[in-house]
Every structure is written in structure tokens, then in C-alpha cells.
$ cat protein-v3.cif   # mmCIF, C-alpha atoms, pLDDT in the B column; chains and numbers go by the auth columns
data_run
loop_
_atom_site.group_PDB
_atom_site.id
_atom_site.type_symbol
_atom_site.label_atom_id
_atom_site.label_comp_id
_atom_site.label_asym_id
_atom_site.label_seq_id
_atom_site.Cartn_x
_atom_site.Cartn_y
_atom_site.Cartn_z
_atom_site.B_iso_or_equiv
_atom_site.auth_seq_id
_atom_site.auth_asym_id
ATOM 1 C CA ALA A 1 208.404 204.720 85.766 55.00 12 A
ATOM 2 C CA GLN A 2 207.484 203.508 82.305 58.00 13 A
ATOM 3 C CA ASN A 3 210.547 205.240 80.853 67.00 14 A
ATOM 4 C CA ALA A 4 212.992 203.848 83.397 68.00 15 A
ATOM 5 C CA GLU A 5 216.380 203.035 81.953 76.00 16 A
ATOM 6 C CA SER A 6 217.169 200.327 84.491 82.00 17 A
ATOM 7 C CA LEU A 7 215.766 198.566 87.535 81.00 18 A
ATOM 8 C CA ALA A 8 217.552 201.084 89.762 81.00 19 A
ATOM 9 C CA ASP A 9 215.964 203.963 87.842 84.00 20 A
ATOM 10 C CA PHE A 10 212.562 202.249 88.083 85.00 21 A
ATOM 11 C CA ILE A 11 212.860 201.983 91.877 85.00 22 A
ATOM 12 C CA HIS A 12 214.028 205.589 92.090 86.00 23 A
ATOM 13 C CA LYS A 13 210.994 206.813 90.136 87.00 24 A
ATOM 14 C CA PHE A 14 208.629 204.901 92.414 90.00 25 A
ATOM 15 C CA LYS A 15 210.332 206.336 95.498 92.00 26 A
ATOM 16 C CA ILE A 16 209.544 209.773 94.091 92.00 27 A
ATOM 17 C CA ALA A 17 205.924 208.662 93.600 92.00 28 A
ATOM 18 C CA ALA A 18 205.822 207.511 97.241 92.00 29 A
ATOM 19 C CA LYS A 19 207.059 210.921 98.433 94.00 30 A
ATOM 20 C CA GLU A 20 204.431 212.664 96.299 93.00 31 A
ATOM 21 C CA ALA A 21 201.701 210.426 97.720 92.00 32 A
ATOM 22 C CA ASP A 22 202.813 211.310 101.253 92.00 33 A
ATOM 23 C CA GLU A 23 202.562 214.988 100.383 93.00 34 A
ATOM 24 C CA VAL A 24 199.059 214.512 98.959 90.00 35 A
ATOM 25 C CA ASN A 25 198.095 212.780 102.200 89.00 36 A
ATOM 26 C CA TYR A 26 199.341 215.802 104.161 89.00 37 A
ATOM 27 C CA TRP A 27 197.225 218.189 102.089 87.00 38 A
ATOM 28 C CA LEU A 28 194.168 215.965 102.367 83.00 39 A
ATOM 29 C CA GLU A 29 194.559 215.982 106.154 83.00 40 A
ATOM 30 C CA LEU A 30 194.675 219.785 106.098 83.00 41 A
ATOM 31 C CA CYS A 31 191.537 219.898 103.956 81.00 42 A
ATOM 32 C CA GLU A 32 189.827 217.481 106.309 79.00 43 A
ATOM 33 C CA ARG A 33 190.648 219.641 109.328 81.00 44 A
ATOM 34 C CA SER A 34 189.282 222.724 107.591 79.00 45 A
ATOM 35 C CA LYS A 35 186.105 220.871 106.574 71.00 46 A
ATOM 36 C CA HIS A 36 186.811 221.376 102.860 67.00 47 A
ATOM 37 C CA LEU A 37 187.664 217.826 101.850 62.00 48 A
ATOM 38 C CA PRO A 38 186.362 217.335 98.295 63.00 49 A
ATOM 39 C CA SER A 39 185.533 213.642 98.730 63.00 50 A
ATOM 40 C CA SER A 40 185.773 211.275 101.661 67.00 51 A
ATOM 41 C CA ASP A 41 186.790 208.505 99.242 80.00 52 A
ATOM 42 C CA LEU A 42 190.045 210.284 98.377 81.00 53 A
ATOM 43 C CA LYS A 43 191.789 209.265 101.608 82.00 54 A
ATOM 44 C CA GLN A 44 190.961 205.581 101.073 85.00 55 A
ATOM 45 C CA GLU A 45 192.002 205.728 97.419 88.00 56 A
ATOM 46 C CA LEU A 46 195.274 207.373 98.422 89.00 57 A
ATOM 47 C CA LYS A 47 195.866 204.730 101.100 90.00 58 A
ATOM 48 C CA ASN A 48 195.385 202.002 98.476 91.00 59 A
ATOM 49 C CA LEU A 49 197.735 203.795 96.091 91.00 60 A
ATOM 50 C CA ILE A 50 200.429 204.150 98.781 91.00 61 A
ATOM 51 C CA GLN A 51 200.170 200.416 99.565 93.00 62 A
ATOM 52 C CA LEU A 52 200.524 199.596 95.867 93.00 63 A
ATOM 53 C CA ILE A 53 203.548 201.868 95.436 92.00 64 A
ATOM 54 C CA SER A 54 205.183 200.370 98.543 91.00 65 A
ATOM 55 C CA LYS A 55 204.623 196.838 97.227 92.00 66 A
ATOM 56 C CA ILE A 56 206.121 197.744 93.844 91.00 67 A
ATOM 57 C CA ILE A 57 209.206 199.210 95.534 90.00 68 A
ATOM 58 C CA SER A 58 209.708 196.242 97.869 89.00 69 A
ATOM 59 C CA SER A 59 209.239 193.602 95.146 90.00 70 A
ATOM 60 C CA SER A 60 211.571 195.527 92.829 88.00 71 A
ATOM 61 C CA LYS A 61 214.209 195.681 95.573 85.00 72 A
ATOM 62 C CA LYS A 62 213.882 191.918 96.087 85.00 73 A
ATOM 63 C CA LYS A 63 214.449 191.431 92.363 83.00 74 A
ATOM 64 C CA LEU A 64 217.433 193.768 92.551 78.00 75 A
ATOM 65 C CA TYR A 65 218.973 191.717 95.385 75.00 76 A
ATOM 66 C CA THR A 66 218.775 188.505 93.321 80.00 77 A
ATOM 67 C CA LEU A 67 221.013 189.925 90.590 71.00 78 A
ATOM 68 C CA SER A 68 224.534 188.624 90.112 60.00 79 A
ATOM 69 C CA PRO A 69 227.299 190.454 92.023 66.00 80 A
ATOM 70 C CA ASN A 70 228.495 192.170 88.824 64.00 81 A
ATOM 71 C CA SER A 71 224.966 193.395 88.107 65.00 82 A
ATOM 72 C CA VAL A 72 224.606 194.649 91.662 62.00 83 A
ATOM 73 C CA ASN A 73 227.812 196.693 91.333 66.00 84 A
ATOM 74 C CA LYS A 74 226.508 198.212 88.101 67.00 85 A
ATOM 75 C CA VAL A 75 223.205 199.102 89.769 64.00 86 A
ATOM 76 C CA LYS A 76 225.038 200.620 92.757 66.00 87 A
ATOM 77 C CA GLU A 77 226.945 202.836 90.336 68.00 88 A
ATOM 78 C CA GLU A 78 223.661 203.934 88.762 65.00 89 A
ATOM 79 C CA PHE A 79 222.187 204.720 92.180 63.00 90 A
ATOM 80 C CA SER A 80 225.174 206.834 93.148 64.00 91 A
ATOM 81 C CA ASN A 81 223.751 209.440 90.772 62.00 92 A
ATOM 82 C CA TYR A 82 220.515 209.621 92.785 58.00 93 A
ATOM 83 C CA GLN A 83 222.006 210.342 96.216 52.00 94 A
ATOM 84 C CA ILE A 84 219.677 207.872 97.981 48.00 95 A
ATOM 85 C CA ASP A 85 220.357 204.717 99.947 44.00 96 A
ATOM 86 C CA THR A 86 218.277 202.036 98.253 43.00 97 A
ATOM 87 C CA PHE A 87 220.368 199.149 99.432 43.00 98 A
ATOM 88 C CA SER A 88 219.163 199.289 103.003 43.00 99 A
ATOM 89 C CA ASN A 89 215.860 197.769 104.124 38.00 100 A
#

$ encode --input "protein-v3.cif" --output "C-alpha cells"
Amino acid sequence: AQNAESLADFIHKFKIAAKEADEVNYWLELCERSKHLPSSDLKQELKNLIQLISKIISSSKKKLYTLSPNSVNKVKEEFSNYQIDTFSN
């Protein structure tokens, strides 16, 4: 997200990170069920990371909602390229 071109792009990049974290959680659960989990600390670290990513997304959305109406329209145009609905809670 460091190279985000706008707030909308920043949020989009973190939503991708959240999806990736969910996928990692899935694979860790599979490893756990097969008794091949590399470290029991990984699940807790991942949980902390998911909470952090979620907080970044929610606080960024709050910042986005405080923009002027003209800025919001510009951001909506940017988001139309991403095919996601970021303006719903």
C-alpha cells in the first residue's frame, strides 16, 4: 500500500491484503488438522495481523467519508476501476 496513488487505491490494496490473510488462515487450519503446523504462534500472529489490517481499512474509510463531496465523487470514479463496493459498511 506504500505505492498507493490515492486513498481509494490505498484502501483497495489493504482489502487485497485482508483477502490474502484469510487465505493464509485457511491453509494454516488445514495444516493444523493434518498435524503439520509449523508453529503454534502463527495462528495468533495471523489473527493480530488481520485485526490490524481491518483497523487500517475501517479508519481509512472513515477518513474517506469526511472528504468534501467533490473529493468523494473523484474517489468513487477511481473505485469504479476496481469493481468493488467500498462505499458500503

$ atom_distance --input "protein-v3.cif" --atom1 "atom CA of A:His23" --atom2 "atom CA of A:Trp38"
23.3 Å

$ residues_around --input "protein-v3.cif" --residues "A:Glu56" --least-positions-apart "6" --cutoff "12 Å" --atoms "only C-alpha atoms" --output "CSV table (one decimal) with C-alpha atoms, in the frame of the given file"
chain,number,residue,atom,x,y,z
A,32,ALA,CA,201.7,210.4,97.7
A,35,VAL,CA,199.1,214.5,99.0
A,36,ASN,CA,198.1,212.8,102.2
A,39,LEU,CA,194.2,216.0,102.4
A,50,SER,CA,185.5,213.6,98.7
A,62,GLN,CA,200.2,200.4,99.6
A,63,LEU,CA,200.5,199.6,95.9

$ atom_distance --input "protein-v3.cif" --atom1 "atom CA of A:Asp52" --atom2 "atom CA of A:Lys66"
21.4 Å

$ residues_around --input "protein-v3.cif" --residues "A:Ser71" --least-positions-apart "4" --cutoff "7 Å" --atoms "all atoms listed in the file" --output "PDB file with C-alpha atoms, in the frame of the given file"
ATOM      1  CA  ILE A  22     212.860 201.983  91.877  1.00 85.00           C
ATOM      2  CA  ILE A  67     206.121 197.744  93.844  1.00 91.00           C
ATOM      3  CA  LEU A  75     217.433 193.768  92.551  1.00 78.00           C
TER       4      LEU A  75
END

$ closest_residue --input "protein-v3.cif" --among "A:Ala19, A:Leu57, A:Ile68, A:Leu78" --to "A:Glu34" --atoms "all atoms listed in the file"
A:Leu57

$ axis_aligned_box --input "protein-v3.cif" --around "stretch 17-21 of chain A" --padding-each-side "5 Å" --output "JSON"
{"center_x": 215.1, "center_y": 201.3, "center_z": 87.1, "size_x": 15.0, "size_y": 15.4, "size_z": 15.3}

$ closest_residue --input "protein-v3.cif" --among "A:Phe25, A:Cys42, A:Leu53, A:Thr77" --to "A:Ser65" --atoms "all atoms listed in the file"
A:Phe25

$ atom_distance --input "protein-v3.cif" --atom1 "atom CA of A:Leu60" --atom2 "atom CA of A:Ala29"
9.0 Å
